[in-house]
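Asks: Okay, so here is query.txt, and as you'll see once you scroll down, it has compact mmCIF, C-alpha atoms.
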```txt
# COMPACT_ATOMS: atom_id res chain seq x y z
CA MET A 245 136.37 62.73 122.51
CA ILE A 246 133.74 64.41 120.33
CA THR A 247 135.73 67.64 120.36
CA ILE A 248 138.87 65.82 119.18
CA LYS A 249 136.95 64.10 116.36
CA ARG A 250 135.35 67.41 115.37
CA THR A 251 138.72 69.18 115.42
CA LEU A 252 140.26 66.44 113.28
CA ALA A 253 137.32 66.57 110.87
CA ILE A 254 137.62 70.36 110.51
CA GLY A 255 141.38 70.06 109.98
CA LEU A 256 140.86 67.42 107.30
CA PHE A 257 138.18 69.58 105.67
CA LEU A 258 140.57 72.55 105.56
CA THR A 259 143.38 70.44 104.10
CA LEU A 260 141.11 68.93 101.44
CA GLY A 261 139.59 72.33 100.70
CA ILE A 262 143.01 73.85 100.01
CA ALA A 263 143.96 70.93 97.74
CA VAL A 264 140.70 71.01 95.78
CA ALA A 265 140.81 74.79 95.39
CA ALA A 266 144.42 74.67 94.19
CA GLN A 267 143.60 71.93 91.66
CA SER A 268 140.59 73.78 90.30
CA GLY A 269 142.63 76.95 89.78
CA LYS A 270 140.10 78.92 91.82
CA ALA A 271 141.78 79.27 95.17
CA LYS A 272 139.57 80.60 97.92
CA ILE A 273 139.93 81.60 101.53
CA ASN A 274 138.91 78.78 103.84
CA TRP A 275 136.51 80.83 105.95
CA LEU A 276 135.32 79.34 109.24
CA SER A 277 132.57 80.36 111.58
CA TRP A 278 133.60 81.75 114.96
CA GLU A 279 132.66 78.45 116.62
CA GLU A 280 134.62 76.34 114.13
CA ALA A 281 137.71 78.53 114.40
CA THR A 282 137.79 78.73 118.18
CA ALA A 283 137.15 74.98 118.48
CA LEU A 284 140.37 74.24 116.59
CA GLU A 285 143.49 73.50 118.54
CA ASN A 286 145.72 76.29 117.29
CA THR A 287 148.92 74.27 117.62
CA GLU A 288 150.70 76.35 114.97
CA GLY A 289 150.06 79.56 116.90
CA LYS A 290 148.37 81.23 113.95
CA LYS A 291 146.74 84.60 114.27
CA TYR A 292 143.03 85.02 113.54
CA PHE A 293 141.71 87.22 110.74
CA VAL A 294 138.06 88.15 111.31
CA ASP A 295 136.04 89.61 108.46
CA LEU A 296 133.25 91.44 110.28
CA TYR A 297 130.49 92.08 107.77
CA THR A 298 126.73 92.53 107.34
CA ASP A 299 124.39 91.12 104.70
CA TRP A 300 123.43 94.60 103.43
CA CYS A 301 126.99 95.95 103.10
CA GLY A 302 127.94 96.66 99.48
CA TYR A 303 131.66 96.98 100.18
CA CYS A 304 131.60 93.66 102.09
CA LYS A 305 130.21 91.98 98.96
CA LYS A 306 132.78 93.75 96.81
CA MET A 307 135.58 92.44 99.05
CA ASP A 308 134.22 88.91 98.55
CA ARG A 309 134.03 89.36 94.75
CA THR A 310 137.44 90.95 94.32
CA THR A 311 140.04 91.21 97.07
CA PHE A 312 139.20 87.93 98.79
CA LYS A 313 139.53 86.10 95.45
CA ASP A 314 142.93 87.52 94.61
CA PRO A 315 145.36 84.54 94.54
CA LYS A 316 148.06 86.34 96.57
CA VAL A 317 145.59 87.41 99.26
CA VAL A 318 144.04 83.93 99.36
CA ALA A 319 147.42 82.22 99.67
CA PHE A 320 148.66 84.57 102.41
CA VAL A 321 145.49 84.37 104.48
CA ASN A 322 145.27 80.58 104.25
CA ALA A 323 148.96 80.13 105.11
CA ASN A 324 149.20 82.64 107.96
CA PHE A 325 145.79 83.07 109.59
CA ILE A 326 142.75 81.24 110.79
CA PRO A 327 140.15 83.15 108.73
CA ILE A 328 136.73 83.83 110.26
CA LYS A 329 133.60 85.31 108.68
CA LEU A 330 131.39 86.92 111.32
CA ASN A 331 128.08 88.59 110.51
CA ALA A 332 127.86 91.54 112.91
CA GLU A 333 124.06 91.24 112.85
CA GLN A 334 123.66 87.48 113.08
CA LYS A 335 120.73 86.26 115.11
CA GLU A 336 122.30 83.00 116.31
CA ASP A 337 123.90 82.90 119.75
CA ILE A 338 127.63 82.25 120.02
CA GLN A 339 129.24 80.43 122.93
CA TYR A 340 132.62 81.96 123.72
CA ARG A 341 134.82 81.70 126.80
CA GLY A 342 131.94 80.49 128.93
CA HIS A 343 129.53 83.23 127.82
CA THR A 344 126.50 83.13 125.57
CA MET A 345 126.70 86.12 123.25
CA LYS A 346 123.52 87.27 121.54
CA LEU A 347 122.17 89.80 119.10
CA ASN A 348 121.57 93.06 120.95
CA LYS A 349 118.49 94.49 119.23
CA LYS A 350 118.89 97.85 120.99
CA VAL A 351 122.05 98.75 119.07
CA GLY A 352 121.66 100.21 115.59
CA ARG A 353 118.71 99.75 113.27
CA ARG A 354 119.07 95.99 112.88
CA GLY A 355 120.84 95.18 116.11
CA MET A 356 124.45 94.18 116.65
CA HIS A 357 125.82 90.92 117.94
CA GLU A 358 127.50 91.15 121.34
CA LEU A 359 130.61 89.39 120.02
CA ALA A 360 130.95 91.98 117.27
CA MET A 361 130.50 94.71 119.87
CA ALA A 362 133.27 93.16 122.01
CA LEU A 363 135.63 92.84 119.04
CA LEU A 364 135.01 96.45 118.00
CA GLU A 365 135.29 97.87 121.51
CA GLY A 366 136.99 101.24 121.44
CA LEU A 367 136.22 101.98 117.80
CA ASP A 368 134.73 105.47 117.58
CA ARG A 369 132.50 104.73 114.62
CA VAL A 370 131.41 101.30 113.46
CA GLY A 371 131.46 100.62 109.73
CA TYR A 372 131.55 97.55 107.57
CA PRO A 373 133.53 95.75 106.57
CA THR A 374 135.92 95.88 109.49
CA TYR A 375 138.79 93.42 109.84
CA VAL A 376 139.83 92.32 113.29
CA TYR A 377 143.26 90.81 113.81
CA LEU A 378 143.67 88.58 116.85
CA ASP A 379 146.76 86.84 118.19
CA ALA A 380 146.92 83.09 118.79
CA LYS A 381 145.31 83.59 122.23
CA GLN A 382 142.42 85.47 120.58
CA ASP A 383 143.42 88.83 122.01
CA ARG A 384 142.98 91.78 119.67
CA ILE A 385 146.01 93.09 117.84
CA THR A 386 144.33 95.76 115.73
CA LEU A 387 141.22 96.78 113.79
CA SER A 388 141.08 97.88 110.19
CA PRO A 389 137.86 99.26 108.68
CA GLY A 390 136.84 99.65 105.06
CA PHE A 391 137.15 98.25 101.57
CA LYS A 392 140.69 97.48 100.47
CA PRO A 393 141.98 96.57 97.01
CA ALA A 394 144.03 93.38 96.92
CA ASN A 395 147.48 95.05 97.07
CA ASP A 396 146.51 97.20 100.06
CA MET A 397 144.95 94.22 101.84
CA LEU A 398 148.03 92.09 101.21
CA LEU A 399 150.28 94.79 102.64
CA GLU A 400 148.13 94.97 105.78
CA LEU A 401 148.02 91.18 106.10
CA LYS A 402 151.82 91.00 105.88
CA PHE A 403 152.19 93.81 108.42
CA VAL A 404 150.23 91.81 111.00
CA GLY A 405 150.94 88.26 109.83
CA ASP A 406 154.71 88.71 109.78
CA ASP A 407 154.70 90.54 113.16
CA HIS A 408 155.93 93.89 111.81
CA TYR A 409 153.30 95.59 113.99
CA GLN A 410 155.48 94.72 117.00
CA THR A 411 158.38 96.88 115.85
CA THR A 412 157.08 99.59 113.53
CA SER A 413 154.05 101.62 112.57
CA PHE A 414 151.93 100.66 109.58
CA GLN A 415 152.83 103.97 107.92
CA GLU A 416 156.57 103.20 108.15
CA PHE A 417 156.02 99.62 107.00
CA ALA A 418 153.94 100.76 104.01
CA LYS A 419 156.54 103.39 103.07
CA ASN A 420 159.30 100.77 103.07
CA ASN A 421 157.23 98.10 101.29
CA PRO A 422 155.68 99.74 98.21
```
Just give me the structure as structure tokens.
Replies:
Amino acid sequence: MITIKRTLAIGLFLTLGIAVAAQSGKAKINWLSWEEATALENTEGKKYFVDLYTDWCGYCKKMDRTTFKDPKVVAFVNANFIPIKLNAEQKEDIQYRGHTMKLNKKVGRRGMHELAMALLEGLDRVGYPTYVYLDAKQDRITLSPGFKPANDMLLELKFVGDDHYQTTSFQEFAKNNP
């Protein structure tokens, strides 16, 4: 019962947040924490867009100041994804799929959260920001590292959000969608 009330409250918050942002003329991405996003009943089958960042990352801050404020990027993310902000070095534990995931202090200079490590599994070199695209079942579709200007980010979002990744490469998609 509490979960249902919480889910409804988060849904109402998201709906009101979109309306208020649209009225103010300053649309913004309705970022959720990992716990908030995974607690939602994803009845629409939306994909997840995870912005994996750190507090010290200059390009992460630049993405927040520029690309993630672009009205086209904001509209596409809010309409097509469940957006998640995840600090790769956060100290708080995260409960996920019956596991308690923690900050692993033995990785890197500041440590790395086990959830971030799991999401980035297979990446040769970790850098921030890195965007993780997950399907509606929270299985990874693809990873995309680095700063991206709004037009490049929008192209990538459309590639994944509109399921083009299932039938073509990103290079072909980008060539045909200048």
Asks: For Tyr409 of chain A, please output as a list in words all residues within 12 Å (counting only C-alpha atoms; exclusion window: fewer than 5 positions along the same chain).
Replies: Tyr377, Asp379, Ile385, Thr386, Leu399, Glu400, Leu401, Lys402, Phe403, Val404, Phe414, Gln415, Glu416, Phe417 and Ala418 of chain A
Asks: Between A:Gly302, A:Leu359, A:Leu378, A:Glu365, which one has atoms that come closest to Arg341 of chain A, using only C-alpha atoms?
Replies: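 Closest to Arg341 of chain A, using only C-alpha atoms: A:Leu359.
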Asks: Atom CA of Leu296 of chain A and atom CA of Val376 of chain A, how far apart in Å?
Replies: 7.3 Å
Asks: List as a list in words the protein and nucleic acid residues near Ala323 of chain A, meaning an atom at most 9 Å away when all atoms listed in the file are counted, but skip any in the same chain fewer than 4 places from it.
Replies: Lys290, Val318 and Ala319 of chain A
Asks: Counting only C-alpha atoms, what is within 12 Å of Thr310 of chain A, bar same-chain residues fewer than 5 positions away, as a list in words?
Replies: Lys272, Tyr303, Cys304, Lys305, Pro315, Lys316, Val317, Val318, Phe391, Lys392, Pro393, Ala394, Asn395 and Met397 of chain A
Asks: When you count only C-alpha atoms, which of these residues is closest to Glu280 of chain A: A:Lys313, A:His343, A:Lys306, A:Lys329?
Replies: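 For Glu280 of chain A, the nearest of the given residues is A:Lys329.
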Asks: For a test of reading the model, state the distance in Å between atom CA of Asp396 of chain A and atom CA of Thr311 of chain A, rounded to one decimal.
Replies: 9.3 Å
Asks: Please, what distance in Å, to one decimal, runs between atom CA of Gly390 of chain A and atom CA of Glu279 of chain A?
Replies: 24.5 Å
Asks: With distances taken over all atoms listed in the file, which residue among A:Thr411, A:Leu330, A:Glu285, A:Asp308 lies nearest Tyr375 of chain A?
Replies: A:Leu330
Asks: Nearest to Leu398 of chain A among A:Phe320, A:Tyr297, A:Tyr292, A:Trp275, with distances taken over only C-alpha atoms: which residue is it?
Replies: A:Phe320
